[in-house]
file model.pdb (PDB, C-alpha atoms)
ATOM      1  CA  MET A   6     279.054 -61.591  84.267
ATOM      2  CA  ASP A   7     276.415 -60.092  82.017
ATOM      3  CA  ILE A   8     272.936 -59.304  83.331
ATOM      4  CA  LYS A   9     271.483 -62.653  82.239
ATOM      5  CA  GLU A  10     274.299 -64.639  83.828
ATOM      6  CA  LYS A  11     273.745 -62.794  87.098
ATOM      7  CA  ILE A  12     270.078 -63.827  87.087
ATOM      8  CA  MET A  13     271.071 -67.451  86.464
ATOM      9  CA  LEU A  14     273.635 -67.271  89.254
ATOM     10  CA  ARG A  15     270.968 -66.103  91.718
ATOM     11  CA  HIS A  16     268.919 -69.168  90.724
ATOM     12  CA  TYR A  17     271.775 -71.478  91.662
ATOM     13  CA  GLU A  18     272.466 -69.499  94.822
ATOM     14  CA  GLU A  19     268.976 -70.321  96.083
ATOM     15  CA  LEU A  20     269.411 -74.012  95.255
ATOM     16  CA  PHE A  21     272.709 -74.095  97.147
ATOM     17  CA  ASP A  22     271.447 -72.167 100.166
ATOM     18  CA  LYS A  23     268.398 -74.427 100.539
ATOM     19  CA  PHE A  24     270.125 -77.686  99.476
ATOM     20  CA  LEU A  25     267.648 -78.315  96.684
ATOM     21  CA  PHE A  26     270.084 -79.281  93.924
ATOM     22  CA  ASP A  27     271.120 -82.563  92.333
ATOM     23  CA  GLU A  28     273.671 -83.406  89.659
ATOM     24  CA  TYR A  29     271.591 -81.925  86.836
ATOM     25  CA  ASP A  30     271.682 -78.559  88.561
ATOM     26  CA  ILE A  31     275.453 -78.895  89.011
ATOM     27  CA  LEU A  32     275.777 -79.689  85.314
ATOM     28  CA  GLY A  33     274.070 -76.404  84.486
ATOM     29  CA  PHE A  34     276.095 -74.523  87.089
ATOM     30  CA  LEU A  35     279.377 -75.808  85.675
ATOM     31  CA  MET A  36     278.324 -74.697  82.217
ATOM     32  CA  LEU A  37     277.500 -71.245  83.579
ATOM     33  CA  ILE A  38     280.795 -70.708  85.376
ATOM     34  CA  ARG A  39     283.039 -72.529  82.894
ATOM     35  CA  ARG A  40     284.495 -69.415  81.290
ATOM     36  CA  PHE A  41     285.102 -67.771  84.663
ATOM     37  CA  VAL A  42     287.201 -70.577  86.148
ATOM     38  CA  ARG A  43     289.606 -71.092  83.266
ATOM     39  CA  ASP A  44     293.245 -70.253  84.059
ATOM     40  CA  LYS A  45     292.395 -69.842  87.757
ATOM     41  CA  TYR A  46     290.782 -72.991  89.154
ATOM     42  CA  ASN A  47     292.393 -75.881  87.292
ATOM     43  CA  SER A  48     290.653 -78.745  89.079
ATOM     44  CA  ILE A  49     287.188 -77.266  88.594
ATOM     45  CA  VAL A  50     288.021 -76.537  84.938
ATOM     46  CA  GLU A  51     288.796 -80.238  84.474
ATOM     47  CA  PHE A  52     285.201 -81.174  85.259
ATOM     48  CA  ALA A  53     283.596 -78.133  83.660
ATOM     49  CA  ASP A  54     285.270 -79.183  80.406
ATOM     50  CA  LEU A  55     284.307 -82.795  81.010
ATOM     51  CA  ILE A  56     280.583 -82.132  81.174
ATOM     52  CA  ALA A  57     280.875 -80.218  77.901
ATOM     53  CA  HIS A  58     282.878 -82.993  76.199
ATOM     54  CA  ARG A  59     282.366 -86.462  77.688
ATOM     55  CA  LYS A  60     284.956 -87.978  75.364
ATOM     56  CA  ARG A  61     288.220 -86.120  75.861
ATOM     57  CA  ASP A  62     291.763 -86.278  74.544
ATOM     58  CA  ARG A  63     293.380 -83.824  76.967
ATOM     59  CA  GLY A  64     293.308 -82.561  80.534
ATOM     60  CA  LYS A  65     294.639 -83.784  83.856
ATOM     61  CA  VAL A  66     292.730 -87.072  83.722
ATOM     62  CA  MET A  67     294.092 -87.874  80.255
ATOM     63  CA  GLU A  68     297.630 -87.003  81.341
ATOM     64  CA  SER A  69     297.343 -89.311  84.356
ATOM     65  CA  ILE A  70     295.929 -92.204  82.322
ATOM     66  CA  SER A  71     298.709 -91.832  79.749
ATOM     67  CA  ALA A  72     301.417 -91.622  82.412
ATOM     68  CA  ALA A  73     300.165 -94.768  84.157
ATOM     69  CA  ILE A  74     300.128 -96.735  80.897
ATOM     70  CA  GLU A  75     303.499 -95.414  79.695
ATOM     71  CA  ASN A  76     305.095 -96.307  83.034
ATOM     72  CA  ASN A  77     303.457 -99.749  83.131
ATOM     73  CA  TYR A  78     301.760 -98.800  86.409
ATOM     74  CA  GLU A  79     305.117 -98.622  88.160
ATOM     75  CA  THR A  80     304.742 -97.391  91.747
ATOM     76  CA  TYR A  81     306.889 -95.363  94.103
ATOM     77  CA  ASN A  82     306.634 -94.894  97.868
ATOM     78  CA  GLY A  83     304.866 -98.228  97.871
ATOM     79  CA  LYS A  84     301.545 -97.040  96.456
ATOM     80  CA  LYS A  85     301.680 -94.028  94.111
ATOM     81  CA  ILE A  86     301.708 -94.558  90.362
ATOM     82  CA  LYS A  87     304.664 -92.917  88.651
ATOM     83  CA  GLY A  88     303.551 -89.804  86.729
ATOM     84  CA  TYR A  89     299.938 -90.082  87.924
ATOM     85  CA  ASN A  90     298.634 -86.881  89.504
ATOM     86  CA  GLY A  91     295.065 -86.802  90.769
ATOM     87  CA  ILE A  92     293.199 -84.029  92.526
ATOM     88  CA  ASP A  93     294.202 -83.373  96.114
ATOM     89  CA  GLU A  94     291.321 -82.929  98.560
ATOM     90  CA  ARG A  95     292.769 -79.731 100.021
ATOM     91  CA  GLN A  96     293.366 -78.232  96.594
ATOM     92  CA  TRP A  97     289.801 -79.111  95.591
ATOM     93  CA  ALA A  98     288.341 -77.453  98.687
ATOM     94  CA  ALA A  99     290.498 -74.354  98.256
ATOM     95  CA  GLU A 100     289.399 -73.904  94.652
ATOM     96  CA  TRP A 101     285.712 -74.094  95.517
ATOM     97  CA  GLU A 102     286.188 -71.705  98.426
ATOM     98  CA  GLY A 103     287.917 -69.288  96.076
ATOM     99  CA  LEU A 104     285.322 -69.603  93.347
ATOM    100  CA  PHE A 105     282.383 -69.088  95.694
ATOM    101  CA  ASN A 106     284.145 -66.102  97.216
ATOM    102  CA  ASP A 107     284.594 -64.648  93.710
ATOM    103  CA  LEU A 108     280.911 -65.212  92.965
ATOM    104  CA  GLU A 109     279.833 -63.898  96.383
ATOM    105  CA  LEU A 110     278.216 -67.218  97.284
ATOM    106  CA  LYS A 111     278.304 -69.037 100.624
ATOM    107  CA  MET A 112     280.312 -72.238 100.944
ATOM    108  CA  ASN A 113     280.365 -74.803 103.758
ATOM    109  CA  SER A 114     281.558 -78.377 104.225
ATOM    110  CA  ARG A 115     278.171 -79.987 103.528
ATOM    111  CA  LEU A 116     277.732 -78.009 100.327
ATOM    112  CA  LEU A 117     281.211 -78.904  99.084
ATOM    113  CA  LYS A 118     280.621 -82.582  99.835
ATOM    114  CA  GLU A 119     277.302 -82.677  97.973
ATOM    115  CA  ILE A 120     278.644 -80.751  94.985
ATOM    116  CA  THR A 121     281.520 -83.238  94.839
ATOM    117  CA  ILE A 122     279.178 -86.242  94.929
ATOM    118  CA  CYS A 123     277.237 -84.725  92.033
ATOM    119  CA  ILE A 124     280.413 -84.120  90.041
ATOM    120  CA  PHE A 125     281.673 -87.654  90.679
ATOM    121  CA  SER A 126     278.335 -88.971  89.440
ATOM    122  CA  LEU A 127     278.425 -86.763  86.341
ATOM    123  CA  ALA A 128     281.974 -87.887  85.579
ATOM    124  CA  GLN A 129     281.213 -91.606  85.742
ATOM    125  CA  GLY A 130     281.727 -93.395  82.448
ATOM    126  CA  SER A 131     283.381 -90.492  80.654
ATOM    127  CA  GLU A 132     285.912 -91.654  78.095
ATOM    128  CA  TYR A 133     289.476 -90.562  77.440
ATOM    129  CA  GLU A 134     291.650 -91.313  74.425
ATOM    130  CA  ASP A 135     294.749 -89.431  73.370
ATOM    131  CA  LYS A 136     295.029 -87.943  69.885
ATOM    132  CA  ALA A 137     297.225 -90.807  68.708
ATOM    133  CA  GLY A 138     294.665 -93.383  69.879
ATOM    134  CA  LYS A 139     297.382 -95.059  71.937
ATOM    135  CA  HIS A 140     296.125 -94.498  75.484
ATOM    136  CA  HIS A 141     292.544 -95.126  76.465
ATOM    137  CA  GLY A 142     290.625 -95.036  79.730
ATOM    138  CA  TYR A 143     287.440 -94.245  81.643
ATOM    139  CA  LEU A 144     286.380 -92.617  84.886
ATOM    140  CA  MET A 145     284.673 -94.993  87.293
ATOM    141  CA  LEU A 146     283.266 -94.868  90.831
ATOM    142  CA  ALA A 147     284.455 -97.180  93.578
ATOM    143  CA  LYS A 148     283.902 -97.660  97.294
ATOM    144  CA  GLY A 149     287.161 -96.898  99.083
ATOM    145  CA  ARG A 150     288.460 -97.814 102.495
ATOM    146  CA  ASN A 151     287.271 -96.060 105.633
ATOM    147  CA  ASN A 152     283.983 -94.826 104.152
ATOM    148  CA  THR A 153     285.439 -93.045 101.146
ATOM    149  CA  LEU A 154     284.116 -92.688  97.601
ATOM    150  CA  GLY A 155     286.742 -92.798  94.894
ATOM    151  CA  LEU A 156     286.631 -91.391  91.393
ATOM    152  CA  CYS A 157     288.996 -93.744  89.614
ATOM    153  CA  THR A 158     290.533 -94.230  86.201
ATOM    154  CA  SER A 159     290.659 -97.586  84.459
ATOM    155  CA  GLU A 160     291.477 -98.865  80.992
ATOM    156  CA  GLY A 161     288.164-100.686  81.161
ATOM    157  CA  LYS A 162     289.514-104.155  80.417
ATOM    158  CA  GLY A 163     288.709-107.243  82.454
ATOM    159  CA  ASP A 164     292.025-107.170  84.290
ATOM    160  CA  SER A 165     292.461-103.393  84.409
ATOM    161  CA  LEU A 166     293.661-101.682  87.541
ATOM    162  CA  TYR A 167     291.599 -98.944  89.163
ATOM    163  CA  ILE A 168     293.595 -95.894  90.221
ATOM    164  CA  CYS A 169     292.071 -93.278  92.490
ATOM    165  CA  PHE A 170     292.047 -89.867  90.809
ATOM    166  CA  SER A 171     290.061 -88.085  93.519
ATOM    167  CA  LEU A 172     288.674 -89.144  96.884
ATOM    168  CA  LEU A 173     285.741 -88.027  99.005
ATOM    169  CA  ASN A 174     285.697 -88.820 102.734
ATOM    170  CA  ASN A 175     282.938 -89.453 105.296
ATOM    171  CA  ILE A 176     280.484 -91.277 103.061
ATOM    172  CA  GLU A 177     277.510 -93.004 104.705
ATOM    173  CA  TYR A 178     277.116 -96.147 102.643
ATOM    174  CA  ASN A 179     274.039 -98.311 102.391
ATOM    175  CA  GLU A 180     275.142-101.290 104.465
ATOM    176  CA  LYS A 181     273.149-103.672 102.270
ATOM    177  CA  ARG A 182     275.422-102.916  99.327
ATOM    178  CA  THR A 183     278.557-105.047  99.261
ATOM    179  CA  ASP A 184     279.901-104.132  95.812
ATOM    180  CA  PHE A 185     283.023-102.007  95.514
ATOM    181  CA  ILE A 186     283.092-101.017  91.837
ATOM    182  CA  TYR A 187     279.966 -99.283  90.557
ATOM    183  CA  LYS A 188     279.758-100.280  86.910
ATOM    184  CA  ASN A 189     276.064 -99.493  86.454
ATOM    185  CA  PRO A 190     275.171 -95.864  85.675
ATOM    186  CA  VAL A 191     274.660 -93.887  88.871
ATOM    187  CA  GLU A 192     272.496 -90.863  89.567
ATOM    188  CA  THR A 193     272.014 -88.430  92.435
ATOM    189  CA  VAL A 194     268.532 -87.871  93.824
ATOM    190  CA  ARG A 195     267.323 -85.772  96.727
ATOM    191  CA  ILE A 196     264.989 -87.499  99.154
ATOM    192  CA  GLU A 197     263.515 -85.546 102.061
ATOM    193  CA  GLY A 198     266.308 -83.032 101.676
ATOM    194  CA  LYS A 199     269.088 -85.632 101.687
ATOM    195  CA  LEU A 200     271.271 -86.152  98.626
ATOM    196  CA  ARG A 201     271.594 -89.823  97.759
ATOM    197  CA  LEU A 202     273.471 -91.766  95.115
ATOM    198  CA  LYS A 203     271.837 -94.727  93.424
ATOM    199  CA  ASP A 204     272.074 -97.062  90.473
ATOM    200  CA  GLY A 205     269.795 -99.742  89.027
ATOM    201  CA  MET A 206     270.546-102.027  91.979
ATOM    202  CA  GLY A 207     269.415 -99.499  94.593
ATOM    203  CA  TYR A 208     270.934 -96.856  96.834
ATOM    204  CA  ILE A 209     274.682 -96.671  97.269
ATOM    205  CA  ILE A 210     274.652 -93.836  99.810
TER
END
call {"tool": "encode", "arguments": {"input": "model.pdb", "output": "structure tokens"}}
result
Amino acid sequence: MDIKEKIMLRHYEELFDKFLFDEYDILGFLMLIRRFVRDKYNSIVEFADLIAHRKRDRGKVMESISAAIENNYETYNGKKIKGYNGIDERQWAAEWEGLFNDLELKMNSRLLKEITICIFSLAQGSEYEDKAGKHHGYLMLAKGRNNTLGLCTSEGKGDSLYICFSLLNNIEYNEKRTDFIYKNPVETVRIEGKLRLKDGMGYII
């Protein structure tokens, strides 16, 4: 890192240590570290590139959308979509642990969870279309089983399936909310130190 980047990194370090950040801080952080994660942390690169280009024609999400469409959503092992490869929770955690170790920052389970919520929120609504214009899809948020939050892909049609690309566990949902697909734009806010996710209908978590 150059001397200016190191100053910016110290800014984010304070936000992380004191849990003062929201998704707009994570957007800036991803832009800062984007060139340092390439070729080393593939899952983080996927979202660092996404926040730079919200309409994409490549990457792991695009490959998964294309595979699902090409295979007519054929499943194997009773539930997995043929050719569809999302981000594994353990892989995701390992990459962030590695990155923070490289940057000499402190990582813990709460921090990883809140960074992930912010990234899921930032990713919502991003559009994917291959170069041939044949395969098209979006990233959406959905309430999963057993208090999970899913980042899902969908073709965006009325009868489109939602396929979980990445999953976050141990979510404390607002019990008043009964919807499962969050189609309205969401946003993270920090209230009395707690990171919350909301849309125009109120708080989700």
call {"tool": "residues_around", "arguments": {"input": "model.pdb", "residues": "Thr153 in chain A", "least_positions_apart": "3", "cutoff": "6 Å", "atoms": "only C-alpha atoms", "output": "VMD selection string"}}
result
chain A and resid 149 to 150 173 to 174 176
call {"tool": "atom_distance", "arguments": {"input": "model.pdb", "atom1": "CA of Arg182 in chain A", "atom2": "CA of Cys157 in chain A"}}
result
19.0 Å
call {"tool": "resolve_selection", "arguments": {"input": "model.pdb", "expression": "the PyMOL selection byres ((chain A and resi 184-199) around 6)", "output": "PyMOL selection string"}}
result
chain A and resi 27-28+146-148+182-183+200-204
call {"tool": "resolve_selection", "arguments": {"input": "model.pdb", "expression": "the PyMOL selection byres ((chain A and resi 98) around 12)", "output": "ChimeraX atom specification"}}
result
/A:46,48-49,92-97,99-105,112-118,120-121,171-173
call {"tool": "write_last_selection", "arguments": {"input": "model.pdb", "atoms": "C-alpha atoms", "output": "mmCIF file, keeping the file's coordinate frame"}}
result
data_model
loop_
_atom_site.group_PDB
_atom_site.id
_atom_site.type_symbol
_atom_site.label_atom_id
_atom_site.label_comp_id
_atom_site.auth_asym_id
_atom_site.auth_seq_id
_atom_site.Cartn_x
_atom_site.Cartn_y
_atom_site.Cartn_z
ATOM 1 C CA TYR A 46 290.782 -72.991 89.154
ATOM 2 C CA SER A 48 290.653 -78.745 89.079
ATOM 3 C CA ILE A 49 287.188 -77.266 88.594
ATOM 4 C CA ILE A 92 293.199 -84.029 92.526
ATOM 5 C CA ASP A 93 294.202 -83.373 96.114
ATOM 6 C CA GLU A 94 291.321 -82.929 98.560
ATOM 7 C CA ARG A 95 292.769 -79.731 100.021
ATOM 8 C CA GLN A 96 293.366 -78.232 96.594
ATOM 9 C CA TRP A 97 289.801 -79.111 95.591
ATOM 10 C CA ALA A 99 290.498 -74.354 98.256
ATOM 11 C CA GLU A 100 289.399 -73.904 94.652
ATOM 12 C CA TRP A 101 285.712 -74.094 95.517
ATOM 13 C CA GLU A 102 286.188 -71.705 98.426
ATOM 14 C CA GLY A 103 287.917 -69.288 96.076
ATOM 15 C CA LEU A 104 285.322 -69.603 93.347
ATOM 16 C CA PHE A 105 282.383 -69.088 95.694
ATOM 17 C CA MET A 112 280.312 -72.238 100.944
ATOM 18 C CA ASN A 113 280.365 -74.803 103.758
ATOM 19 C CA SER A 114 281.558 -78.377 104.225
ATOM 20 C CA ARG A 115 278.171 -79.987 103.528
ATOM 21 C CA LEU A 116 277.732 -78.009 100.327
ATOM 22 C CA LEU A 117 281.211 -78.904 99.084
ATOM 23 C CA LYS A 118 280.621 -82.582 99.835
ATOM 24 C CA ILE A 120 278.644 -80.751 94.985
ATOM 25 C CA THR A 121 281.520 -83.238 94.839
ATOM 26 C CA SER A 171 290.061 -88.085 93.519
ATOM 27 C CA LEU A 172 288.674 -89.144 96.884
ATOM 28 C CA LEU A 173 285.741 -88.027 99.005
#
call {"tool": "atom_distance", "arguments": {"input": "model.pdb", "atom1": "CA of Leu154 in chain A", "atom2": "CA of Ile38 in chain A"}}
result
25.4 Å
call {"tool": "residues_around", "arguments": {"input": "model.pdb", "residues": "Leu144 in chain A", "least_positions_apart": "4", "cutoff": "9 Å", "atoms": "all atoms listed in the file", "output": "list in words"}}
result
Val66, Phe125, Ala128, Gln129, Gly130, Ser131, Glu132, Tyr133, Leu156, Cys157, Thr158, Ser159, Glu160 and Phe170 of chain A
call {"tool": "residues_around", "arguments": {"input": "model.pdb", "residues": "Ala57 in chain A", "least_positions_apart": "3", "cutoff": "8 Å", "atoms": "only C-alpha atoms", "output": "number ranges by chain"}}
result
A: 36, 53-54
call {"tool": "closest_residue", "arguments": {"input": "model.pdb", "among": "A:Tyr208, A:Phe52, A:Phe26, A:Tyr78", "to": "Ser165 in chain A", "atoms": "all atoms listed in the file"}}
result
A:Tyr78
call {"tool": "atom_distance", "arguments": {"input": "model.pdb", "atom1": "CA of Leu127 in chain A", "atom2": "CA of Met145 in chain A"}}
result
10.4 Å
call {"tool": "axis_aligned_box", "arguments": {"input": "model.pdb", "around": "range 180-198 of chain A", "padding_each_side": "4 Å", "output": "lines of an AutoDock Vina configuration file"}}
result
center_x = 273.3
center_y = -94.0
center_z = 95.1
size_x = 27.6
size_y = 30.0
size_z = 26.8
call {"tool": "closest_residue", "arguments": {"input": "model.pdb", "among": "A:Tyr143, A:Gly88, A:Ile12, A:Asp107", "to": "Leu55 in chain A", "atoms": "only C-alpha atoms"}}
result
A:Tyr143
call {"tool": "closest_residue", "arguments": {"input": "model.pdb", "among": "A:Asn90, A:Asn179, A:Asn152, A:Ser126", "to": "Glu68 in chain A", "atoms": "only C-alpha atoms"}}
result
A:Asn90
